[in-house]
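What follows is a set of notes on a single structure, which appears directly below.
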Amino acid sequence: MNVVDGLAAGRQAFGTRPAGAPTIRCLGVSKVYETIEGERIHALADIDLAVHEGEFVSVVGPSGCGKSTLLRLLAGTLPKTAGEMFLRGSPITGPRRDIGIVFQTATLLPWRNVLQNTLLPVDVQGLDKTTYTARAHNLLQMVGLAGFERKYPFELSGGMQQRVSITRALVHDPAVLLMDEPFGALDALTREQMNLDLQRIWAAARKTVFLITHSISEAVFLADRVLVMSARPGRIIAELNVNFSRPRSLDVMGTPEFGRLVTQIRHDLAASGALD
Ligand SMILES: Nc1ncnc2c1ncn2[C@@H]1O[C@H](COP(=O)(O)OP(=O)(O)OP(=O)(O)O)[C@@H](O)[C@H]1O
Ligand SMILES: [Mg+2]
């Protein structure tokens, strides 16, 4: 039994499977922010979860319930208040190279072109430019941006910018892709297209994906498993398995099973007081 499973012994965690160390593991994780005025804000309470290699997990929850906080804890950019967190079996103690992150806005550097923005982690981490430039070209092709390598961010639509931020998150071949509302700023049609693209990228890249979204239908469409969080302090209050075969087309959203899952999630959110 490795250290993660050892710590987990006797605990019931969302996503626990009998075999194999999970890629992401949280045990009793809480976060309390202390403001400059001395106020204590209990953002997350007792989060137990496991995400397995190659799995696509979505998280939905009301605004302010601690979703971004959880993502920042996993990214190692924010210290936890209590609990244990592991990525691929090792404790999360700070920022690390084996993750890629996509935020709600693309946050591209305006003075770097598409290829240079994609290669940012390669420059920051001092990786071999030749190897990773070939990889960057492949990723740009995968997201439909072949031919746009020399364009600058101001020359791109919002959807195209967000595609670049996805290639930037994947270029150094991280084990885990963390996404925080990646399509929240896009119009509905672009968002649906991005959902299809993300599914394709995930199928090709075989990454473990942890996606935070406000959209219940997006969560269900993309994920193998949806975690539902309560209002602050955020706790995981429900877990739903999504068993549609892949690749999924947008038509799946019209099926009774899809409707049932969406209704169940709404019900779980309402029961926790998150919806009126
Ligand atoms: N640096 C901070 N200092 C103090 N409080 C904070 C800080 N960051 C977040 N919070 C508070 O912690 C709670 C959770 O914030 P968080 O951003 O994680 O929520 P969220 O679920 O991502 O919300 P949204 O869906 O609106 O993005 C909120 O009440 C927020 O005000
Ligand atoms: Mg957030």
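Ligands are numbered from 1 in the order shown, chains are lettered A, B, ... in the order of the structure tokens, and residues start at 1 in each chain.
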Problem set entry | Residues near range 108-112 of chain A, cut-off 10 Å, only C-alpha atoms, skip fewer than 6 positions along chain, as a PyMOL selection string | chain A and resi 118-120+150-154+161-162+164-165+168
Apply DSSP to the structure's backbone, then extract all residues of range 34-198 of chain A labelled strand (DSSP E or B) and return them as a PDB file with all heavy atoms, in the first residue's frame.
```
ATOM      1  N   GLU A  34      -7.820  34.367   5.441  1.00  0.00           N
ATOM      2  CA  GLU A  34      -7.851  35.426   6.453  1.00  0.00           C
ATOM      3  C   GLU A  34      -7.644  36.742   5.732  1.00  0.00           C
ATOM      4  O   GLU A  34      -6.627  36.940   5.067  1.00  0.00           O
ATOM      5  CB  GLU A  34      -6.753  35.189   7.486  1.00  0.00           C
ATOM      6  CG  GLU A  34      -6.956  33.853   8.147  1.00  0.00           C
ATOM      7  CD  GLU A  34      -6.446  33.787   9.576  1.00  0.00           C
ATOM      8  OE1 GLU A  34      -6.142  34.849  10.145  1.00  0.00           O
ATOM      9  OE2 GLU A  34      -6.364  32.666  10.083  1.00  0.00           O
ATOM     10  N   ARG A  40     -12.253  35.809   8.840  1.00  0.00           N
ATOM     11  CA  ARG A  40     -11.921  34.449   8.413  1.00  0.00           C
ATOM     12  C   ARG A  40     -13.024  33.942   7.483  1.00  0.00           C
ATOM     13  O   ARG A  40     -14.190  33.893   7.863  1.00  0.00           O
ATOM     14  CB  ARG A  40     -11.792  33.529   9.632  1.00  0.00           C
ATOM     15  CG  ARG A  40     -10.505  33.781  10.427  1.00  0.00           C
ATOM     16  CD  ARG A  40     -10.563  33.070  11.772  1.00  0.00           C
ATOM     17  NE  ARG A  40     -10.752  31.632  11.642  1.00  0.00           N
ATOM     18  CZ  ARG A  40      -9.772  30.754  11.402  1.00  0.00           C
ATOM     19  NH1 ARG A  40      -8.533  31.179  11.267  1.00  0.00           N
ATOM     20  NH2 ARG A  40     -10.033  29.475  11.317  1.00  0.00           N
ATOM     21  N   ILE A  41     -12.648  33.583   6.255  1.00  0.00           N
ATOM     22  CA  ILE A  41     -13.626  33.101   5.272  1.00  0.00           C
ATOM     23  C   ILE A  41     -13.368  31.622   5.014  1.00  0.00           C
ATOM     24  O   ILE A  41     -12.314  31.248   4.492  1.00  0.00           O
ATOM     25  CB  ILE A  41     -13.542  33.910   3.969  1.00  0.00           C
ATOM     26  CG1 ILE A  41     -13.953  35.350   4.270  1.00  0.00           C
ATOM     27  CG2 ILE A  41     -14.423  33.307   2.882  1.00  0.00           C
ATOM     28  CD1 ILE A  41     -13.709  36.317   3.151  1.00  0.00           C
ATOM     29  N   HIS A  42     -14.332  30.826   5.435  1.00  0.00           N
ATOM     30  CA  HIS A  42     -14.191  29.368   5.285  1.00  0.00           C
ATOM     31  C   HIS A  42     -14.630  28.992   3.869  1.00  0.00           C
ATOM     32  O   HIS A  42     -15.825  28.906   3.597  1.00  0.00           O
ATOM     33  CB  HIS A  42     -15.057  28.670   6.338  1.00  0.00           C
ATOM     34  CG  HIS A  42     -14.597  27.286   6.625  1.00  0.00           C
ATOM     35  ND1 HIS A  42     -15.004  26.557   7.706  1.00  0.00           N
ATOM     36  CD2 HIS A  42     -13.736  26.483   5.955  1.00  0.00           C
ATOM     37  CE1 HIS A  42     -14.435  25.364   7.685  1.00  0.00           C
ATOM     38  NE2 HIS A  42     -13.661  25.296   6.633  1.00  0.00           N
ATOM     39  N   ALA A  43     -13.663  28.829   2.986  1.00  0.00           N
ATOM     40  CA  ALA A  43     -13.980  28.626   1.568  1.00  0.00           C
ATOM     41  C   ALA A  43     -14.258  27.158   1.249  1.00  0.00           C
ATOM     42  O   ALA A  43     -15.172  26.851   0.484  1.00  0.00           O
ATOM     43  CB  ALA A  43     -12.838  29.142   0.697  1.00  0.00           C
ATOM     44  N   LEU A  44     -13.483  26.253   1.796  1.00  0.00           N
ATOM     45  CA  LEU A  44     -13.644  24.826   1.500  1.00  0.00           C
ATOM     46  C   LEU A  44     -13.636  24.033   2.797  1.00  0.00           C
ATOM     47  O   LEU A  44     -12.868  24.345   3.713  1.00  0.00           O
ATOM     48  CB  LEU A  44     -12.485  24.311   0.643  1.00  0.00           C
ATOM     49  CG  LEU A  44     -12.414  24.722  -0.825  1.00  0.00           C
ATOM     50  CD1 LEU A  44     -11.108  24.211  -1.430  1.00  0.00           C
ATOM     51  CD2 LEU A  44     -13.599  24.187  -1.610  1.00  0.00           C
ATOM     52  N   ALA A  45     -14.480  23.007   2.860  1.00  0.00           N
ATOM     53  CA  ALA A  45     -14.542  22.188   4.069  1.00  0.00           C
ATOM     54  C   ALA A  45     -14.450  20.710   3.724  1.00  0.00           C
ATOM     55  O   ALA A  45     -15.251  20.203   2.939  1.00  0.00           O
ATOM     56  CB  ALA A  45     -15.838  22.470   4.821  1.00  0.00           C
ATOM     57  N   ASP A  46     -13.444  20.063   4.280  1.00  0.00           N
ATOM     58  CA  ASP A  46     -13.375  18.605   4.282  1.00  0.00           C
ATOM     59  C   ASP A  46     -13.586  17.978   2.901  1.00  0.00           C
ATOM     60  O   ASP A  46     -14.462  17.135   2.706  1.00  0.00           O
ATOM     61  CB  ASP A  46     -14.417  18.059   5.271  1.00  0.00           C
ATOM     62  CG  ASP A  46     -13.964  16.715   5.834  1.00  0.00           C
ATOM     63  OD1 ASP A  46     -12.746  16.470   5.862  1.00  0.00           O
ATOM     64  OD2 ASP A  46     -14.832  15.921   6.235  1.00  0.00           O
ATOM     65  N   ILE A  47     -12.769  18.405   1.962  1.00  0.00           N
ATOM     66  CA  ILE A  47     -12.869  17.868   0.598  1.00  0.00           C
ATOM     67  C   ILE A  47     -12.094  16.548   0.510  1.00  0.00           C
ATOM     68  O   ILE A  47     -10.889  16.503   0.749  1.00  0.00           O
ATOM     69  CB  ILE A  47     -12.271  18.861  -0.421  1.00  0.00           C
ATOM     70  CG1 ILE A  47     -13.011  20.192  -0.412  1.00  0.00           C
ATOM     71  CG2 ILE A  47     -12.251  18.234  -1.825  1.00  0.00           C
ATOM     72  CD1 ILE A  47     -14.394  20.176  -1.002  1.00  0.00           C
ATOM     73  N   ASP A  48     -12.812  15.499   0.193  1.00  0.00           N
ATOM     74  CA  ASP A  48     -12.201  14.191  -0.084  1.00  0.00           C
ATOM     75  C   ASP A  48     -12.506  13.848  -1.534  1.00  0.00           C
ATOM     76  O   ASP A  48     -13.670  13.790  -1.908  1.00  0.00           O
ATOM     77  CB  ASP A  48     -12.834  13.096   0.782  1.00  0.00           C
ATOM     78  CG  ASP A  48     -12.296  13.086   2.194  1.00  0.00           C
ATOM     79  OD1 ASP A  48     -11.475  13.957   2.523  1.00  0.00           O
ATOM     80  OD2 ASP A  48     -12.716  12.208   2.957  1.00  0.00           O
ATOM     81  N   LEU A  49     -11.472  13.645  -2.323  1.00  0.00           N
ATOM     82  CA  LEU A  49     -11.772  13.214  -3.683  1.00  0.00           C
ATOM     83  C   LEU A  49     -10.585  12.487  -4.289  1.00  0.00           C
ATOM     84  O   LEU A  49      -9.442  12.670  -3.856  1.00  0.00           O
ATOM     85  CB  LEU A  49     -12.200  14.395  -4.566  1.00  0.00           C
ATOM     86  CG  LEU A  49     -11.193  15.424  -5.040  1.00  0.00           C
ATOM     87  CD1 LEU A  49     -10.610  14.998  -6.384  1.00  0.00           C
ATOM     88  CD2 LEU A  49     -11.872  16.768  -5.228  1.00  0.00           C
ATOM     89  N   ALA A  50     -10.896  11.666  -5.262  1.00  0.00           N
ATOM     90  CA  ALA A  50      -9.863  10.966  -6.025  1.00  0.00           C
ATOM     91  C   ALA A  50     -10.213  11.066  -7.502  1.00  0.00           C
ATOM     92  O   ALA A  50     -11.356  10.886  -7.880  1.00  0.00           O
ATOM     93  CB  ALA A  50      -9.797   9.502  -5.600  1.00  0.00           C
ATOM     94  N   VAL A  51      -9.219  11.408  -8.309  1.00  0.00           N
ATOM     95  CA  VAL A  51      -9.405  11.433  -9.757  1.00  0.00           C
ATOM     96  C   VAL A  51      -8.357  10.500 -10.352  1.00  0.00           C
ATOM     97  O   VAL A  51      -7.168  10.594 -10.000  1.00  0.00           O
ATOM     98  CB  VAL A  51      -9.235  12.859 -10.331  1.00  0.00           C
ATOM     99  CG1 VAL A  51      -9.410  12.847 -11.848  1.00  0.00           C
ATOM    100  CG2 VAL A  51     -10.220  13.830  -9.684  1.00  0.00           C
ATOM    101  N   PHE A  56     -11.911  12.154 -16.887  1.00  0.00           N
ATOM    102  CA  PHE A  56     -12.379  13.520 -17.096  1.00  0.00           C
ATOM    103  C   PHE A  56     -13.425  13.791 -16.029  1.00  0.00           C
ATOM    104  O   PHE A  56     -14.508  13.215 -16.050  1.00  0.00           O
ATOM    105  CB  PHE A  56     -12.985  13.662 -18.499  1.00  0.00           C
ATOM    106  CG  PHE A  56     -13.149  15.090 -18.942  1.00  0.00           C
ATOM    107  CD1 PHE A  56     -12.646  15.507 -20.170  1.00  0.00           C
ATOM    108  CD2 PHE A  56     -13.800  16.032 -18.157  1.00  0.00           C
ATOM    109  CE1 PHE A  56     -12.785  16.830 -20.593  1.00  0.00           C
ATOM    110  CE2 PHE A  56     -13.942  17.348 -18.568  1.00  0.00           C
ATOM    111  CZ  PHE A  56     -13.436  17.757 -19.788  1.00  0.00           C
ATOM    112  N   VAL A  57     -13.084  14.665 -15.094  1.00  0.00           N
ATOM    113  CA  VAL A  57     -14.000  14.988 -13.996  1.00  0.00           C
ATOM    114  C   VAL A  57     -14.399  16.451 -14.086  1.00  0.00           C
ATOM    115  O   VAL A  57     -13.545  17.326 -14.251  1.00  0.00           O
ATOM    116  CB  VAL A  57     -13.343  14.687 -12.628  1.00  0.00           C
ATOM    117  CG1 VAL A  57     -14.165  15.254 -11.479  1.00  0.00           C
ATOM    118  CG2 VAL A  57     -13.168  13.182 -12.450  1.00  0.00           C
ATOM    119  N   SER A  58     -15.696  16.715 -14.000  1.00  0.00           N
ATOM    120  CA  SER A  58     -16.199  18.088 -13.966  1.00  0.00           C
ATOM    121  C   SER A  58     -16.681  18.407 -12.557  1.00  0.00           C
ATOM    122  O   SER A  58     -17.167  17.520 -11.848  1.00  0.00           O
ATOM    123  CB  SER A  58     -17.401  18.278 -14.889  1.00  0.00           C
ATOM    124  OG  SER A  58     -17.076  18.045 -16.213  1.00  0.00           O
ATOM    125  N   VAL A  59     -16.567  19.682 -12.189  1.00  0.00           N
ATOM    126  CA  VAL A  59     -17.051  20.147 -10.892  1.00  0.00           C
ATOM    127  C   VAL A  59     -18.027  21.294 -11.136  1.00  0.00           C
ATOM    128  O   VAL A  59     -17.690  22.258 -11.830  1.00  0.00           O
ATOM    129  CB  VAL A  59     -15.892  20.664 -10.014  1.00  0.00           C
ATOM    130  CG1 VAL A  59     -16.406  21.143  -8.664  1.00  0.00           C
ATOM    131  CG2 VAL A  59     -14.843  19.583  -9.835  1.00  0.00           C
ATOM    132  N   VAL A  60     -19.229  21.169 -10.587  1.00  0.00           N
ATOM    133  CA  VAL A  60     -20.181  22.286 -10.635  1.00  0.00           C
ATOM    134  C   VAL A  60     -20.520  22.698  -9.216  1.00  0.00           C
ATOM    135  O   VAL A  60     -20.474  21.892  -8.285  1.00  0.00           O
ATOM    136  CB  VAL A  60     -21.488  21.925 -11.389  1.00  0.00           C
ATOM    137  CG1 VAL A  60     -21.239  21.736 -12.869  1.00  0.00           C
ATOM    138  CG2 VAL A  60     -22.158  20.709 -10.803  1.00  0.00           C
ATOM    139  N   ALA A  82      -5.950  22.821   5.967  1.00  0.00           N
ATOM    140  CA  ALA A  82      -5.888  21.492   6.599  1.00  0.00           C
ATOM    141  C   ALA A  82      -6.060  20.428   5.533  1.00  0.00           C
ATOM    142  O   ALA A  82      -6.570  20.695   4.448  1.00  0.00           O
ATOM    143  CB  ALA A  82      -6.994  21.366   7.643  1.00  0.00           C
ATOM    144  N   GLY A  83      -5.634  19.217   5.867  1.00  0.00           N
ATOM    145  CA  GLY A  83      -5.830  18.082   4.975  1.00  0.00           C
ATOM    146  C   GLY A  83      -4.567  17.702   4.220  1.00  0.00           C
ATOM    147  O   GLY A  83      -3.500  18.259   4.441  1.00  0.00           O
ATOM    148  N   GLU A  84      -4.748  16.749   3.324  1.00  0.00           N
ATOM    149  CA  GLU A  84      -3.629  16.231   2.521  1.00  0.00           C
ATOM    150  C   GLU A  84      -4.015  16.267   1.050  1.00  0.00           C
ATOM    151  O   GLU A  84      -5.150  15.962   0.693  1.00  0.00           O
ATOM    152  CB  GLU A  84      -3.357  14.763   2.884  1.00  0.00           C
ATOM    153  CG  GLU A  84      -3.107  14.495   4.353  1.00  0.00           C
ATOM    154  CD  GLU A  84      -1.730  14.952   4.796  1.00  0.00           C
ATOM    155  OE1 GLU A  84      -0.869  15.145   3.919  1.00  0.00           O
ATOM    156  OE2 GLU A  84      -1.535  15.129   6.006  1.00  0.00           O
ATOM    157  N   MET A  85      -3.049  16.643   0.213  1.00  0.00           N
ATOM    158  CA  MET A  85      -3.295  16.655  -1.235  1.00  0.00           C
ATOM    159  C   MET A  85      -2.121  16.007  -1.950  1.00  0.00           C
ATOM    160  O   MET A  85      -0.964  16.328  -1.630  1.00  0.00           O
ATOM    161  CB  MET A  85      -3.447  18.082  -1.757  1.00  0.00           C
ATOM    162  CG  MET A  85      -4.511  18.868  -1.044  1.00  0.00           C
ATOM    163  SD  MET A  85      -4.715  20.499  -1.773  1.00  0.00           S
ATOM    164  CE  MET A  85      -5.885  20.123  -3.049  1.00  0.00           C
ATOM    165  N   PHE A  86      -2.430  15.168  -2.908  1.00  0.00           N
ATOM    166  CA  PHE A  86      -1.384  14.465  -3.657  1.00  0.00           C
ATOM    167  C   PHE A  86      -1.642  14.538  -5.149  1.00  0.00           C
ATOM    168  O   PHE A  86      -2.791  14.490  -5.592  1.00  0.00           O
ATOM    169  CB  PHE A  86      -1.332  12.990  -3.264  1.00  0.00           C
ATOM    170  CG  PHE A  86      -1.078  12.761  -1.799  1.00  0.00           C
ATOM    171  CD1 PHE A  86      -2.148  12.683  -0.920  1.00  0.00           C
ATOM    172  CD2 PHE A  86       0.210  12.635  -1.307  1.00  0.00           C
ATOM    173  CE1 PHE A  86      -1.926  12.482   0.427  1.00  0.00           C
ATOM    174  CE2 PHE A  86       0.437  12.429   0.044  1.00  0.00           C
ATOM    175  CZ  PHE A  86      -0.638  12.360   0.921  1.00  0.00           C
ATOM    176  N   LEU A  87      -0.573  14.670  -5.876  1.00  0.00           N
ATOM    177  CA  LEU A  87      -0.650  14.568  -7.331  1.00  0.00           C
ATOM    178  C   LEU A  87       0.287  13.438  -7.720  1.00  0.00           C
ATOM    179  O   LEU A  87       1.484  13.484  -7.386  1.00  0.00           O
ATOM    180  CB  LEU A  87      -0.206  15.885  -7.964  1.00  0.00           C
ATOM    181  CG  LEU A  87      -0.728  16.179  -9.351  1.00  0.00           C
ATOM    182  CD1 LEU A  87      -2.241  16.393  -9.338  1.00  0.00           C
ATOM    183  CD2 LEU A  87      -0.055  17.415  -9.919  1.00  0.00           C
ATOM    184  N   SER A  90       2.627  12.135  -4.982  1.00  0.00           N
ATOM    185  CA  SER A  90       3.511  12.978  -4.168  1.00  0.00           C
ATOM    186  C   SER A  90       2.745  14.195  -3.650  1.00  0.00           C
ATOM    187  O   SER A  90       1.875  14.733  -4.346  1.00  0.00           O
ATOM    188  CB  SER A  90       4.750  13.393  -4.962  1.00  0.00           C
ATOM    189  OG  SER A  90       4.411  14.281  -5.981  1.00  0.00           O
ATOM    190  N   PRO A  91       3.056  14.623  -2.415  1.00  0.00           N
ATOM    191  CA  PRO A  91       2.307  15.730  -1.815  1.00  0.00           C
ATOM    192  C   PRO A  91       2.443  17.010  -2.642  1.00  0.00           C
ATOM    193  O   PRO A  91       3.518  17.296  -3.179  1.00  0.00           O
ATOM    194  CB  PRO A  91       2.968  15.912  -0.444  1.00  0.00           C
ATOM    195  CG  PRO A  91       3.737  14.671  -0.194  1.00  0.00           C
ATOM    196  CD  PRO A  91       4.107  14.112  -1.530  1.00  0.00           C
ATOM    197  N   ILE A  99       1.526  19.784 -14.307  1.00  0.00           N
ATOM    198  CA  ILE A  99       0.147  20.203 -14.553  1.00  0.00           C
ATOM    199  C   ILE A  99       0.119  21.293 -15.618  1.00  0.00           C
ATOM    200  O   ILE A  99       1.107  22.001 -15.826  1.00  0.00           O
ATOM    201  CB  ILE A  99      -0.543  20.744 -13.278  1.00  0.00           C
ATOM    202  CG1 ILE A  99       0.249  21.918 -12.699  1.00  0.00           C
ATOM    203  CG2 ILE A  99      -0.751  19.670 -12.249  1.00  0.00           C
ATOM    204  CD1 ILE A  99      -0.551  22.695 -11.700  1.00  0.00           C
ATOM    205  N   GLY A 100      -1.033  21.418 -16.270  1.00  0.00           N
ATOM    206  CA  GLY A 100      -1.297  22.530 -17.176  1.00  0.00           C
ATOM    207  C   GLY A 100      -2.587  23.180 -16.707  1.00  0.00           C
ATOM    208  O   GLY A 100      -3.484  22.484 -16.234  1.00  0.00           O
ATOM    209  N   ILE A 101      -2.656  24.497 -16.799  1.00  0.00           N
ATOM    210  CA  ILE A 101      -3.839  25.202 -16.292  1.00  0.00           C
ATOM    211  C   ILE A 101      -4.424  26.089 -17.382  1.00  0.00           C
ATOM    212  O   ILE A 101      -3.694  26.782 -18.091  1.00  0.00           O
ATOM    213  CB  ILE A 101      -3.492  26.092 -15.081  1.00  0.00           C
ATOM    214  CG1 ILE A 101      -2.705  25.305 -14.030  1.00  0.00           C
ATOM    215  CG2 ILE A 101      -4.762  26.652 -14.439  1.00  0.00           C
ATOM    216  CD1 ILE A 101      -2.289  26.127 -12.836  1.00  0.00           C
ATOM    217  N   VAL A 102      -5.750  26.065 -17.478  1.00  0.00           N
ATOM    218  CA  VAL A 102      -6.469  26.974 -18.374  1.00  0.00           C
ATOM    219  C   VAL A 102      -7.476  27.752 -17.532  1.00  0.00           C
ATOM    220  O   VAL A 102      -8.261  27.151 -16.788  1.00  0.00           O
ATOM    221  CB  VAL A 102      -7.221  26.199 -19.479  1.00  0.00           C
ATOM    222  CG1 VAL A 102      -7.970  27.166 -20.397  1.00  0.00           C
ATOM    223  CG2 VAL A 102      -6.258  25.345 -20.293  1.00  0.00           C
ATOM    224  N   VAL A 176      -1.704  16.277 -15.892  1.00  0.00           N
ATOM    225  CA  VAL A 176      -3.036  16.730 -15.482  1.00  0.00           C
ATOM    226  C   VAL A 176      -3.336  18.087 -16.098  1.00  0.00           C
ATOM    227  O   VAL A 176      -2.474  18.969 -16.125  1.00  0.00           O
ATOM    228  CB  VAL A 176      -3.098  16.855 -13.935  1.00  0.00           C
ATOM    229  CG1 VAL A 176      -4.450  17.387 -13.491  1.00  0.00           C
ATOM    230  CG2 VAL A 176      -2.812  15.524 -13.278  1.00  0.00           C
ATOM    231  N   LEU A 177      -4.561  18.216 -16.572  1.00  0.00           N
ATOM    232  CA  LEU A 177      -5.022  19.500 -17.100  1.00  0.00           C
ATOM    233  C   LEU A 177      -6.096  20.033 -16.149  1.00  0.00           C
ATOM    234  O   LEU A 177      -7.137  19.400 -15.953  1.00  0.00           O
ATOM    235  CB  LEU A 177      -5.597  19.288 -18.506  1.00  0.00           C
ATOM    236  CG  LEU A 177      -6.051  20.519 -19.280  1.00  0.00           C
ATOM    237  CD1 LEU A 177      -4.900  21.498 -19.484  1.00  0.00           C
ATOM    238  CD2 LEU A 177      -6.627  20.107 -20.633  1.00  0.00           C
ATOM    239  N   LEU A 178      -5.818  21.194 -15.542  1.00  0.00           N
ATOM    240  CA  LEU A 178      -6.778  21.839 -14.642  1.00  0.00           C
ATOM    241  C   LEU A 178      -7.420  22.989 -15.411  1.00  0.00           C
ATOM    242  O   LEU A 178      -6.709  23.821 -15.989  1.00  0.00           O
ATOM    243  CB  LEU A 178      -6.072  22.398 -13.398  1.00  0.00           C
ATOM    244  CG  LEU A 178      -5.258  21.422 -12.554  1.00  0.00           C
ATOM    245  CD1 LEU A 178      -4.544  22.174 -11.422  1.00  0.00           C
ATOM    246  CD2 LEU A 178      -6.162  20.333 -11.973  1.00  0.00           C
ATOM    247  N   MET A 179      -8.755  23.029 -15.415  1.00  0.00           N
ATOM    248  CA  MET A 179      -9.442  24.074 -16.187  1.00  0.00           C
ATOM    249  C   MET A 179     -10.480  24.765 -15.300  1.00  0.00           C
ATOM    250  O   MET A 179     -11.326  24.101 -14.701  1.00  0.00           O
ATOM    251  CB  MET A 179     -10.121  23.459 -17.419  1.00  0.00           C
ATOM    252  CG  MET A 179      -9.192  22.598 -18.261  1.00  0.00           C
ATOM    253  SD  MET A 179     -10.000  21.944 -19.749  1.00  0.00           S
ATOM    254  CE  MET A 179      -9.598  23.202 -20.931  1.00  0.00           C
ATOM    255  N   ASP A 180     -10.389  26.099 -15.247  1.00  0.00           N
ATOM    256  CA  ASP A 180     -11.307  26.869 -14.405  1.00  0.00           C
ATOM    257  C   ASP A 180     -12.197  27.738 -15.292  1.00  0.00           C
ATOM    258  O   ASP A 180     -11.749  28.764 -15.773  1.00  0.00           O
ATOM    259  CB  ASP A 180     -10.508  27.751 -13.433  1.00  0.00           C
ATOM    260  CG  ASP A 180     -11.395  28.351 -12.351  1.00  0.00           C
ATOM    261  OD1 ASP A 180     -12.628  28.156 -12.404  1.00  0.00           O
ATOM    262  OD2 ASP A 180     -10.840  29.013 -11.447  1.00  0.00           O
TER     263      ASP A 180
END
```
With 7 Å as the cut-off and only C-alpha atoms and all ligand atoms counted, what is the closest atom pair between each nearby residue of chain A and ligand 1? Distances in Å to one decimal, ordered by chain and number, as a Markdown table.
```
| residue | atom | partner | partner_atom_place_in_ligand_line | distance |
| --- | --- | --- | --- | --- |
| A:Tyr33 | CA | ligand 1 | 4 (C) | 4.8 |
| A:Glu34 | CA | ligand 1 | 4 (C) | 6.0 |
| A:Thr35 | CA | ligand 1 | 4 (C) | 5.2 |
| A:Ile41 | CA | ligand 1 | 5 (N) | 5.9 |
| A:His42 | CA | ligand 1 | 12 (O) | 7.0 |
| A:Ala43 | CA | ligand 1 | 13 (C) | 4.6 |
| A:Gly61 | CA | ligand 1 | 21 (O) | 6.5 |
| A:Pro62 | CA | ligand 1 | 25 (O) | 5.9 |
| A:Ser63 | CA | ligand 1 | 25 (O) | 3.4 |
| A:Gly64 | CA | ligand 1 | 23 (O) | 3.4 |
| A:Cys65 | CA | ligand 1 | 21 (O) | 3.9 |
| A:Gly66 | CA | ligand 1 | 18 (O) | 3.2 |
| A:Lys67 | CA | ligand 1 | 21 (O) | 3.7 |
| A:Ser68 | CA | ligand 1 | 22 (O) | 3.6 |
| A:Thr69 | CA | ligand 1 | 18 (O) | 3.6 |
| A:Leu70 | CA | ligand 1 | 18 (O) | 6.5 |
| A:His214 | CA | ligand 1 | 25 (O) | 6.7 |
| A:Arg232 | CA | ligand 1 | 29 (O) | 6.7 |
```
Taking N, CA and C atoms for each residue, export the selection above as a tab-separated table (two decimals), in the first residue's frame.
```tsv
chain	number	residue	atom	x	y	z
A	33	TYR	N	-9.57	31.50	4.34
A	33	TYR	CA	-8.84	32.73	4.00
A	33	TYR	C	-8.90	33.68	5.19
A	34	GLU	N	-7.82	34.37	5.44
A	34	GLU	CA	-7.85	35.43	6.45
A	34	GLU	C	-7.64	36.74	5.73
A	35	THR	N	-8.61	37.63	5.82
A	35	THR	CA	-8.51	38.91	5.11
A	35	THR	C	-7.66	39.89	5.92
A	41	ILE	N	-12.65	33.58	6.26
A	41	ILE	CA	-13.63	33.10	5.27
A	41	ILE	C	-13.37	31.62	5.01
A	42	HIS	N	-14.33	30.83	5.43
A	42	HIS	CA	-14.19	29.37	5.28
A	42	HIS	C	-14.63	28.99	3.87
A	43	ALA	N	-13.66	28.83	2.99
A	43	ALA	CA	-13.98	28.63	1.57
A	43	ALA	C	-14.26	27.16	1.25
A	61	GLY	N	-20.85	23.96	-9.07
A	61	GLY	CA	-21.22	24.46	-7.75
A	61	GLY	C	-21.55	25.92	-7.86
A	62	PRO	N	-22.26	26.46	-6.86
A	62	PRO	CA	-22.68	27.86	-6.94
A	62	PRO	C	-21.50	28.81	-6.89
A	63	SER	N	-21.71	30.03	-7.37
A	63	SER	CA	-20.67	31.04	-7.36
A	63	SER	C	-20.19	31.26	-5.92
A	64	GLY	N	-18.90	31.32	-5.75
A	64	GLY	CA	-18.33	31.60	-4.43
A	64	GLY	C	-18.21	30.38	-3.52
A	65	CYS	N	-18.46	29.17	-4.07
A	65	CYS	CA	-18.44	27.98	-3.20
A	65	CYS	C	-17.04	27.41	-3.02
A	66	GLY	N	-16.05	28.00	-3.70
A	66	GLY	CA	-14.68	27.54	-3.48
A	66	GLY	C	-14.09	26.73	-4.61
A	67	LYS	N	-14.70	26.75	-5.78
A	67	LYS	CA	-14.21	25.95	-6.91
A	67	LYS	C	-12.81	26.40	-7.35
A	68	SER	N	-12.66	27.72	-7.55
A	68	SER	CA	-11.34	28.24	-7.97
A	68	SER	C	-10.32	28.02	-6.87
A	69	THR	N	-10.77	28.12	-5.63
A	69	THR	CA	-9.88	27.86	-4.51
A	69	THR	C	-9.34	26.44	-4.58
A	70	LEU	N	-10.23	25.48	-4.85
A	70	LEU	CA	-9.82	24.09	-4.95
A	70	LEU	C	-8.81	23.91	-6.08
A	214	HIS	N	-19.62	26.49	-14.60
A	214	HIS	CA	-20.95	26.87	-14.09
A	214	HIS	C	-22.05	26.16	-14.86
A	232	ARG	N	-20.77	27.84	0.01
A	232	ARG	CA	-19.64	28.02	0.92
A	232	ARG	C	-20.02	27.74	2.37
```
Exercise. Could you name the residues that touch Met160 in chain A at 10 Å or less, counting only C-alpha atoms, but leaving out those on the same chain fewer than 2 positions away, as number ranges by chain?
Worked result: A: 106, 114, 143-145, 148, 153, 155-158, 162-166, 190, 194
Exercise. Skipping near chain neighbours, those fewer than 6 positions away, what residues fall within 10 Å of Glu53 in chain A using only C-alpha atoms, listed as a list in words?
Worked result: Gly20, Ala21, Pro22, Thr23, Ile24, Arg88, Ala175, Val176, Arg206, Lys207, Thr208 and Val209 of chain A
Exercise. If we count only C-alpha atoms, what is near Phe221 in chain A at a cut-off of 9 Å, once residues fewer than 2 positions away on the same chain are taken out, given as a PyMOL selection string?
Worked result: chain A and resi 195+216-219+223-224+242+244+248-250+252-253+258
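Closest approach to His267 in chain A among A:Thr213, A:Thr255, A:Gln141, A:Ser230: A:Ser230, based on only C-alpha atoms.
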